[in-house]
Amino acid sequence: MTVRQAIFVFLISVTVLAVPLQIMIDPSPQNCASACIVMASCLSVLLYIFWSTALETHPLSTFTLLGFSFTSQLGALLFQTAAWTALSSSLYDPLYTFGTLAFYQGIALAVHSIYRFFSKQKPQGSVQKPGSVQPIRGLLTRVGLYRVPPVGTLWFMGFVGLCTFFFSHYDNVLGKVAGGFTFLAWAPFLIIFYLREVGESYCNAAFNRGLLVAYAGVAIVLGLAFNTRSVMLQGAATIGLLYLLAGMRSNAPLMGGAVLKFAALVVVLLAVSVPVSDLATSMVIARQWRGRVSAAEMIKTTLFIMGKPTLIASAHSHGESAWRYGPYDEHYITNPLLNRLVVTKYHDNSFHFAGALTSEEARARLRAVSIKFAWAGLPTPVLAKLGIAVSKKDLAYSMGDYLGYLSRGLPLGGHKIGSMFAQGIALFGPLFPFVYAAICLLLFWLIDLLTVRPVAGKATLSTLGMLQIWLLFLAGISYEGLHIVLYFVFRNFWQTVIIYVLVCALARTMMPGSRSRVAATTVPIWQRKLSQWN
């Protein structure tokens, strides 16, 4: 059995096994039907990826399909079953929620199949005709997007990312500009992956691993100081997903040593899951003091709460009370980290609120606000130049907020997570499946620009693609609002590319010795590795 086969056999097995366990947990027709819908939907994605060559030719866009399936359905099935909780628990309408998500996942799957058919690579040995390379991909090649950065550049990116992280919390122009650079903070974690794929000639392994441990410690301290979990965990999550993707693409035989290492990793993760969960809950409780106390006080407060199990238990019970008695809640999975990884409840909330918008007046107001959000993606000077009267200050809320406001009169400004599917169904009605199909086609093409595609053989991820894999896994084709899709397509994607290219160029300018080493050493090694993959 190969590594690829072992991973898919494991995922398919736990998916199928979870259904009879759910029937034991809650034999109600609603819960049983929900579990069966999720199983059928998730198996379709897993089997599509396993039986096709999608991961070899289009790894990043294919991984977004897996991410959509996991974050909306499969994660809910597995985590709720592991907690011995009904899949339908605390959802307004689980059958509608899971059925709708499965339907749109099916659309994404069909579009991806068609997209792959029309973007096939030429067979090995064929001649590439002049002008057949995509102009945009050719431009990205010339600016260096697909080069492998030396280890010094990765450290430089991390330094820039952490520095801009300090300023990204300011609610002004500086904060917005700095926020665009924060994704670079996780660049040093890619050293682990490059050491695995390129070999120890990439850098001094022992020295850089030691630096990385210290760097991770700094990131944890910053996360506690600013009460931001992402900077603490996204580096590890990025490496975890990269290893998962590499395993899903590996046809190497499964060795006993690899199994033992995986088992040891599972044991370690289970051992730290409880304290990490308590830490995440403590950070949620301490969030009420964010911006009101110093960084040192925030760390002290968070650790103090973590040492009080009664406070943590009270927070969990409060979440359950909000579900039972409150007008709005996000309580679904008890573990706060897993609850953010699985967004089923947020879709369910949005479907519930959007379904209550039965009057034409409510739909017209939603349409007007959606248009304002779409225009708000442009810079304020551009809006003024075009004469568009949209004030970004008046839009200091999310689409999830506005759906709750229209349907139940909930206050704005809480930044509740919404659902592009709920918004799209309310705006376009029966036409939205076609709109979503067009969105998926555009997103797949754009996302795959972050992959290195040789004339023949397996495609690989660019460094920027690796840095973005966590965000694309979470919300590659399932954003919280349609305007977020527009922001990504017309602004955020290109902004990220420009920032990455500029920082790489700055690193080469400041570290010319590192640049020459890459040209002489790293690139040929990487090319030899690519030939082995292919």
# chains A, B, ... in the order shown; residues from 1 in each chain; ligands from 1
$ closest_atom_pairs --of "range 78-105 of chain A" --to "range 474-479 of chain A" --cutoff "10 Å" --atoms "only C-alpha atoms" --output "tab-separated table"
residue	atom	partner	partner_atom	distance
A:Leu101	CA	A:Ser478	CA	9.8
A:Tyr104	CA	A:Ser478	CA	9.6
A:Gln105	CA	A:Ile477	CA	9.4
$ atom_distance --atom1 "CA of Thr182 in chain A" --atom2 "CA of Gly161 in chain A"
4.5 Å
$ closest_atom_pairs --of "range 275-350 of chain A" --to "range 52-69 of chain A" --cutoff "10 Å" --atoms "only C-alpha atoms" --output "Markdown table"
| residue | atom | partner | partner_atom | distance |
| --- | --- | --- | --- | --- |
| A:Leu341 | CA | A:Gly67 | CA | 9.9 |
| A:Val342 | CA | A:Phe68 | CA | 9.7 |
| A:Val343 | CA | A:Phe68 | CA | 9.6 |
$ select_by_dssp --residues "range 137-372 of chain A" --states "alpha helix (DSSP H)" --output "PDB file with C-alpha atoms, in the first residue's frame"
ATOM      1  CA  ARG A 137       1.571  33.037 -15.970  1.00  0.00           C
ATOM      2  CA  GLY A 138       4.446  34.176 -18.168  1.00  0.00           C
ATOM      3  CA  LEU A 139       4.474  37.560 -16.434  1.00  0.00           C
ATOM      4  CA  LEU A 140       4.464  35.899 -13.011  1.00  0.00           C
ATOM      5  CA  THR A 141       7.385  33.756 -14.129  1.00  0.00           C
ATOM      6  CA  ARG A 142       9.388  36.799 -15.201  1.00  0.00           C
ATOM      7  CA  VAL A 151      16.537  30.378   3.432  1.00  0.00           C
ATOM      8  CA  GLY A 152      17.662  33.957   4.107  1.00  0.00           C
ATOM      9  CA  THR A 153      14.720  35.294   2.117  1.00  0.00           C
ATOM     10  CA  LEU A 154      12.285  33.181   4.141  1.00  0.00           C
ATOM     11  CA  TRP A 155      13.723  34.599   7.370  1.00  0.00           C
ATOM     12  CA  PHE A 156      13.553  38.118   5.946  1.00  0.00           C
ATOM     13  CA  MET A 157       9.883  37.568   5.051  1.00  0.00           C
ATOM     14  CA  GLY A 158       9.161  36.340   8.573  1.00  0.00           C
ATOM     15  CA  PHE A 159      10.834  39.388  10.080  1.00  0.00           C
ATOM     16  CA  VAL A 160       8.779  41.703   7.859  1.00  0.00           C
ATOM     17  CA  GLY A 161       5.609  39.783   8.706  1.00  0.00           C
ATOM     18  CA  LEU A 162       6.130  39.987  12.460  1.00  0.00           C
ATOM     19  CA  CYS A 163       7.049  43.689  12.297  1.00  0.00           C
ATOM     20  CA  THR A 164       3.933  44.539  10.308  1.00  0.00           C
ATOM     21  CA  PHE A 165       1.870  42.426  12.705  1.00  0.00           C
ATOM     22  CA  PHE A 166       2.489  45.064  15.380  1.00  0.00           C
ATOM     23  CA  PHE A 167       0.957  47.795  13.231  1.00  0.00           C
ATOM     24  CA  VAL A 173      -4.455  53.445   6.870  1.00  0.00           C
ATOM     25  CA  LEU A 174      -1.179  52.199   8.400  1.00  0.00           C
ATOM     26  CA  GLY A 175      -2.999  49.267   9.963  1.00  0.00           C
ATOM     27  CA  LYS A 176      -4.643  48.310   6.675  1.00  0.00           C
ATOM     28  CA  VAL A 177      -1.357  48.491   4.764  1.00  0.00           C
ATOM     29  CA  ALA A 178       0.460  46.496   7.445  1.00  0.00           C
ATOM     30  CA  GLY A 179      -2.303  43.892   7.436  1.00  0.00           C
ATOM     31  CA  LEU A 190       8.383  26.563   5.139  1.00  0.00           C
ATOM     32  CA  ILE A 191      12.025  25.777   5.921  1.00  0.00           C
ATOM     33  CA  ILE A 192      10.818  22.474   7.406  1.00  0.00           C
ATOM     34  CA  PHE A 193       9.083  21.544   4.172  1.00  0.00           C
ATOM     35  CA  TYR A 194      11.956  22.634   1.937  1.00  0.00           C
ATOM     36  CA  LEU A 195      14.386  20.594   4.041  1.00  0.00           C
ATOM     37  CA  ARG A 196      12.162  17.573   3.467  1.00  0.00           C
ATOM     38  CA  GLU A 197      11.790  18.064  -0.275  1.00  0.00           C
ATOM     39  CA  ALA A 205      19.342  22.158   9.114  1.00  0.00           C
ATOM     40  CA  ALA A 206      20.267  22.085  12.815  1.00  0.00           C
ATOM     41  CA  PHE A 207      20.895  25.827  13.023  1.00  0.00           C
ATOM     42  CA  ASN A 208      17.680  26.804  11.246  1.00  0.00           C
ATOM     43  CA  ARG A 209      15.557  24.363  13.202  1.00  0.00           C
ATOM     44  CA  GLY A 210      16.856  25.881  16.415  1.00  0.00           C
ATOM     45  CA  LEU A 211      16.049  29.366  15.148  1.00  0.00           C
ATOM     46  CA  LEU A 212      12.600  28.181  14.135  1.00  0.00           C
ATOM     47  CA  VAL A 213      11.844  26.954  17.659  1.00  0.00           C
ATOM     48  CA  ALA A 214      12.790  30.373  19.020  1.00  0.00           C
ATOM     49  CA  TYR A 215      10.760  32.064  16.273  1.00  0.00           C
ATOM     50  CA  ALA A 216       7.698  29.961  17.144  1.00  0.00           C
ATOM     51  CA  GLY A 217       8.099  31.011  20.765  1.00  0.00           C
ATOM     52  CA  VAL A 218       8.107  34.674  19.750  1.00  0.00           C
ATOM     53  CA  ALA A 219       4.973  34.110  17.651  1.00  0.00           C
ATOM     54  CA  ILE A 220       3.211  32.509  20.626  1.00  0.00           C
ATOM     55  CA  VAL A 221       4.136  35.430  22.882  1.00  0.00           C
ATOM     56  CA  LEU A 222       2.856  37.903  20.279  1.00  0.00           C
ATOM     57  CA  GLY A 223      -0.359  35.943  19.918  1.00  0.00           C
ATOM     58  CA  LEU A 224      -0.946  36.088  23.663  1.00  0.00           C
ATOM     59  CA  ALA A 225       0.010  39.766  23.859  1.00  0.00           C
ATOM     60  CA  PHE A 226      -2.372  40.824  21.075  1.00  0.00           C
ATOM     61  CA  SER A 230      -3.857  32.980  14.129  1.00  0.00           C
ATOM     62  CA  VAL A 231      -0.264  34.153  14.551  1.00  0.00           C
ATOM     63  CA  MET A 232       0.278  31.356  17.081  1.00  0.00           C
ATOM     64  CA  LEU A 233      -1.139  28.457  15.101  1.00  0.00           C
ATOM     65  CA  GLN A 234      -1.155  29.269  11.398  1.00  0.00           C
ATOM     66  CA  GLY A 235       2.490  28.325  10.865  1.00  0.00           C
ATOM     67  CA  ALA A 236       1.962  24.834  12.261  1.00  0.00           C
ATOM     68  CA  ALA A 237      -1.333  24.514  10.369  1.00  0.00           C
ATOM     69  CA  THR A 238       0.377  25.497   7.111  1.00  0.00           C
ATOM     70  CA  ILE A 239       3.087  22.856   7.521  1.00  0.00           C
ATOM     71  CA  GLY A 240       0.478  20.263   8.507  1.00  0.00           C
ATOM     72  CA  LEU A 241      -1.530  20.881   5.344  1.00  0.00           C
ATOM     73  CA  LEU A 242       1.590  20.819   3.175  1.00  0.00           C
ATOM     74  CA  TYR A 243       2.549  17.426   4.600  1.00  0.00           C
ATOM     75  CA  LEU A 244      -1.012  16.179   4.071  1.00  0.00           C
ATOM     76  CA  LEU A 245      -0.926  17.328   0.450  1.00  0.00           C
ATOM     77  CA  ALA A 246       2.493  15.745  -0.074  1.00  0.00           C
ATOM     78  CA  GLY A 247       1.221  12.472   1.400  1.00  0.00           C
ATOM     79  CA  MET A 248      -1.882  12.500  -0.797  1.00  0.00           C
ATOM     80  CA  GLY A 256       6.401   0.747   9.203  1.00  0.00           C
ATOM     81  CA  GLY A 257       8.574   3.564  10.466  1.00  0.00           C
ATOM     82  CA  ALA A 258       6.263   6.144   8.904  1.00  0.00           C
ATOM     83  CA  VAL A 259       3.262   4.523  10.580  1.00  0.00           C
ATOM     84  CA  LEU A 260       4.996   4.632  13.967  1.00  0.00           C
ATOM     85  CA  LYS A 261       5.899   8.293  13.468  1.00  0.00           C
ATOM     86  CA  PHE A 262       2.302   9.099  12.558  1.00  0.00           C
ATOM     87  CA  ALA A 263       1.010   7.214  15.600  1.00  0.00           C
ATOM     88  CA  ALA A 264       3.445   9.100  17.835  1.00  0.00           C
ATOM     89  CA  LEU A 265       2.279  12.387  16.310  1.00  0.00           C
ATOM     90  CA  VAL A 266      -1.357  11.476  17.012  1.00  0.00           C
ATOM     91  CA  VAL A 267      -0.500  10.675  20.626  1.00  0.00           C
ATOM     92  CA  VAL A 268       1.301  14.007  21.031  1.00  0.00           C
ATOM     93  CA  LEU A 269      -1.599  15.928  19.465  1.00  0.00           C
ATOM     94  CA  LEU A 270      -4.093  14.212  21.750  1.00  0.00           C
ATOM     95  CA  ALA A 271      -1.898  14.974  24.747  1.00  0.00           C
ATOM     96  CA  VAL A 272      -1.687  18.701  23.949  1.00  0.00           C
ATOM     97  CA  SER A 273      -5.250  19.069  22.668  1.00  0.00           C
ATOM     98  CA  VAL A 274      -6.732  19.756  26.100  1.00  0.00           C
ATOM     99  CA  PRO A 275      -4.246  22.454  27.217  1.00  0.00           C
ATOM    100  CA  VAL A 276      -4.323  24.056  23.759  1.00  0.00           C
ATOM    101  CA  SER A 277      -8.114  24.077  23.876  1.00  0.00           C
ATOM    102  CA  ASP A 278      -8.033  25.639  27.349  1.00  0.00           C
ATOM    103  CA  LEU A 279      -5.577  28.250  26.127  1.00  0.00           C
ATOM    104  CA  ALA A 280      -7.834  29.121  23.183  1.00  0.00           C
ATOM    105  CA  THR A 281     -10.842  29.415  25.506  1.00  0.00           C
ATOM    106  CA  SER A 282      -8.821  31.590  27.875  1.00  0.00           C
ATOM    107  CA  MET A 283      -7.945  33.900  24.993  1.00  0.00           C
ATOM    108  CA  VAL A 284     -11.622  34.171  24.068  1.00  0.00           C
ATOM    109  CA  ILE A 285     -12.507  35.118  27.662  1.00  0.00           C
ATOM    110  CA  ALA A 286      -9.625  37.620  27.852  1.00  0.00           C
ATOM    111  CA  ALA A 295       0.560  43.534  26.202  1.00  0.00           C
ATOM    112  CA  ALA A 296       2.134  42.246  29.413  1.00  0.00           C
ATOM    113  CA  GLU A 297      -1.181  42.510  31.250  1.00  0.00           C
ATOM    114  CA  MET A 298      -2.965  40.676  28.444  1.00  0.00           C
ATOM    115  CA  ILE A 299      -0.497  37.765  28.687  1.00  0.00           C
ATOM    116  CA  LYS A 300      -0.824  37.719  32.456  1.00  0.00           C
ATOM    117  CA  THR A 301      -4.628  37.799  32.288  1.00  0.00           C
ATOM    118  CA  THR A 302      -4.794  34.988  29.727  1.00  0.00           C
ATOM    119  CA  LEU A 303      -2.497  32.717  31.732  1.00  0.00           C
ATOM    120  CA  PHE A 304      -4.420  33.515  34.921  1.00  0.00           C
ATOM    121  CA  ILE A 305      -7.702  32.478  33.284  1.00  0.00           C
ATOM    122  CA  MET A 306      -6.076  29.334  31.909  1.00  0.00           C
ATOM    123  CA  PRO A 309     -10.718  25.542  35.236  1.00  0.00           C
ATOM    124  CA  THR A 310     -13.987  26.881  36.676  1.00  0.00           C
ATOM    125  CA  LEU A 311     -13.811  29.969  34.446  1.00  0.00           C
ATOM    126  CA  ILE A 312     -13.207  27.823  31.373  1.00  0.00           C
ATOM    127  CA  ALA A 313     -16.070  25.489  32.272  1.00  0.00           C
ATOM    128  CA  SER A 314     -18.310  28.517  32.821  1.00  0.00           C
ATOM    129  CA  ALA A 315     -17.446  29.831  29.349  1.00  0.00           C
ATOM    130  CA  HIS A 316     -18.414  26.509  27.799  1.00  0.00           C
ATOM    131  CA  SER A 317     -21.717  26.412  29.668  1.00  0.00           C
ATOM    132  CA  HIS A 318     -22.402  30.004  28.654  1.00  0.00           C
ATOM    133  CA  GLY A 319     -22.027  29.011  25.003  1.00  0.00           C
ATOM    134  CA  GLU A 320     -24.573  26.241  25.485  1.00  0.00           C
ATOM    135  CA  SER A 321     -26.949  28.636  27.250  1.00  0.00           C
ATOM    136  CA  ALA A 322     -26.663  31.069  24.333  1.00  0.00           C
ATOM    137  CA  TRP A 323     -27.697  28.268  22.012  1.00  0.00           C
ATOM    138  CA  ARG A 324     -30.700  27.376  24.134  1.00  0.00           C
ATOM    139  CA  TYR A 325     -31.983  30.815  25.063  1.00  0.00           C
ATOM    140  CA  PRO A 336     -12.922  26.636  20.297  1.00  0.00           C
ATOM    141  CA  LEU A 337     -10.115  25.840  17.856  1.00  0.00           C
ATOM    142  CA  LEU A 338     -12.086  23.173  16.044  1.00  0.00           C
ATOM    143  CA  ASN A 339     -15.163  25.385  16.135  1.00  0.00           C
ATOM    144  CA  ARG A 340     -13.365  27.940  13.954  1.00  0.00           C
ATOM    145  CA  LEU A 341     -12.095  25.220  11.649  1.00  0.00           C
ATOM    146  CA  THR A 344     -21.125  24.582   9.537  1.00  0.00           C
ATOM    147  CA  LYS A 345     -22.855  26.563  12.252  1.00  0.00           C
ATOM    148  CA  TYR A 346     -22.134  29.882  10.538  1.00  0.00           C
ATOM    149  CA  HIS A 347     -23.692  28.616   7.313  1.00  0.00           C
ATOM    150  CA  ASP A 348     -26.677  27.341   9.287  1.00  0.00           C
ATOM    151  CA  ASN A 349     -27.163  30.715  11.001  1.00  0.00           C
ATOM    152  CA  SER A 350     -27.002  32.562   7.686  1.00  0.00           C
ATOM    153  CA  PHE A 351     -29.404  30.159   5.975  1.00  0.00           C
ATOM    154  CA  HIS A 352     -31.835  30.630   8.863  1.00  0.00           C
ATOM    155  CA  PHE A 353     -31.640  34.423   8.786  1.00  0.00           C
ATOM    156  CA  ALA A 354     -31.751  34.672   4.988  1.00  0.00           C
ATOM    157  CA  GLY A 355     -34.745  32.331   4.863  1.00  0.00           C
ATOM    158  CA  GLU A 360     -39.418  42.292  -1.322  1.00  0.00           C
ATOM    159  CA  GLU A 361     -38.411  45.266   0.813  1.00  0.00           C
ATOM    160  CA  ALA A 362     -35.993  43.144   2.864  1.00  0.00           C
ATOM    161  CA  ARG A 363     -34.468  41.659  -0.286  1.00  0.00           C
ATOM    162  CA  ALA A 364     -34.111  45.126  -1.793  1.00  0.00           C
ATOM    163  CA  ARG A 365     -32.279  46.338   1.308  1.00  0.00           C
ATOM    164  CA  LEU A 366     -29.983  43.306   1.192  1.00  0.00           C
ATOM    165  CA  ARG A 367     -29.321  43.992  -2.484  1.00  0.00           C
ATOM    166  CA  ALA A 368     -28.490  47.638  -1.797  1.00  0.00           C
ATOM    167  CA  VAL A 369     -26.087  46.786   1.028  1.00  0.00           C
ATOM    168  CA  SER A 370     -24.452  44.034  -1.066  1.00  0.00           C
ATOM    169  CA  ILE A 371     -23.774  46.576  -3.819  1.00  0.00           C
ATOM    170  CA  LYS A 372     -22.289  48.992  -1.283  1.00  0.00           C
TER     171      LYS A 372
END
$ atom_distance --atom1 "CA of Ile107 in chain A" --atom2 "CA of Leu21 in chain A"
28.8 Å
$ closest_residue --among "A:Asp93, A:Ile12, A:Leu486, A:Thr85" --to "Leu378 in chain A" --atoms "only C-alpha atoms"
A:Leu486
$ closest_residue --among "A:Leu443, A:Leu450, A:Ala374, A:Val16" --to "Ile484 in chain A" --atoms "only C-alpha atoms"
A:Ala374
$ closest_residue --among "A:Tyr48, A:Trp470, A:Tyr332, A:Trp494" --to "Leu87 in chain A" --atoms "only C-alpha atoms"
A:Tyr332
$ decode --residues "range 391-406 of chain A" --atoms "N, CA and C atoms" --output "JSON list (two decimals), in the first residue's frame"
[["chain", "number", "residue", "atom", "x", "y", "z"],
["A", 391, "SER", "N", -19.69, 55.16, 2.00],
["A", 391, "SER", "CA", -18.84, 55.44, 3.15],
["A", 391, "SER", "C", -18.44, 54.12, 3.81],
["A", 392, "LYS", "N", -17.14, 53.86, 3.85],
["A", 392, "LYS", "CA", -16.68, 52.62, 4.46],
["A", 392, "LYS", "C", -16.93, 52.60, 5.97],
["A", 393, "LYS", "N", -16.97, 53.77, 6.58],
["A", 393, "LYS", "CA", -17.25, 53.83, 8.02],
["A", 393, "LYS", "C", -18.66, 53.34, 8.33],
["A", 394, "ASP", "N", -19.57, 53.55, 7.39],
["A", 394, "ASP", "CA", -20.95, 53.11, 7.60],
["A", 394, "ASP", "C", -21.12, 51.61, 7.37],
["A", 395, "LEU", "N", -20.08, 50.95, 6.88],
["A", 395, "LEU", "CA", -20.14, 49.51, 6.61],
["A", 395, "LEU", "C", -19.24, 48.74, 7.57],
["A", 396, "ALA", "N", -19.17, 49.19, 8.80],
["A", 396, "ALA", "CA", -18.32, 48.54, 9.80],
["A", 396, "ALA", "C", -19.03, 47.34, 10.42],
["A", 397, "TYR", "N", -19.52, 46.47, 9.56],
["A", 397, "TYR", "CA", -20.17, 45.25, 10.02],
["A", 397, "TYR", "C", -20.01, 44.21, 8.90],
["A", 398, "SER", "N", -20.37, 42.98, 9.20],
["A", 398, "SER", "CA", -20.21, 41.88, 8.24],
["A", 398, "SER", "C", -21.56, 41.55, 7.60],
["A", 399, "MET", "N", -21.52, 40.73, 6.58],
["A", 399, "MET", "CA", -22.77, 40.28, 5.96],
["A", 399, "MET", "C", -23.56, 39.41, 6.92],
["A", 400, "GLY", "N", -22.86, 38.65, 7.76],
["A", 400, "GLY", "CA", -23.57, 37.88, 8.78],
["A", 400, "GLY", "C", -24.32, 38.78, 9.74],
["A", 401, "ASP", "N", -23.70, 39.91, 10.11],
["A", 401, "ASP", "CA", -24.39, 40.91, 10.95],
["A", 401, "ASP", "C", -25.66, 41.39, 10.27],
["A", 402, "TYR", "N", -25.56, 41.71, 8.98],
["A", 402, "TYR", "CA", -26.69, 42.34, 8.30],
["A", 402, "TYR", "C", -27.84, 41.36, 8.10],
["A", 403, "LEU", "N", -27.54, 40.11, 7.85],
["A", 403, "LEU", "CA", -28.61, 39.12, 7.72],
["A", 403, "LEU", "C", -29.36, 38.96, 9.05],
["A", 404, "GLY", "N", -28.60, 38.94, 10.16],
["A", 404, "GLY", "CA", -29.24, 38.89, 11.48],
["A", 404, "GLY", "C", -30.03, 40.14, 11.79],
["A", 405, "TYR", "N", -29.53, 41.27, 11.34],
["A", 405, "TYR", "CA", -30.22, 42.55, 11.56],
["A", 405, "TYR", "C", -31.54, 42.62, 10.79],
["A", 406, "LEU", "N", -31.52, 42.19, 9.54],
["A", 406, "LEU", "CA", -32.74, 42.25, 8.73],
["A", 406, "LEU", "C", -33.81, 41.29, 9.22]]
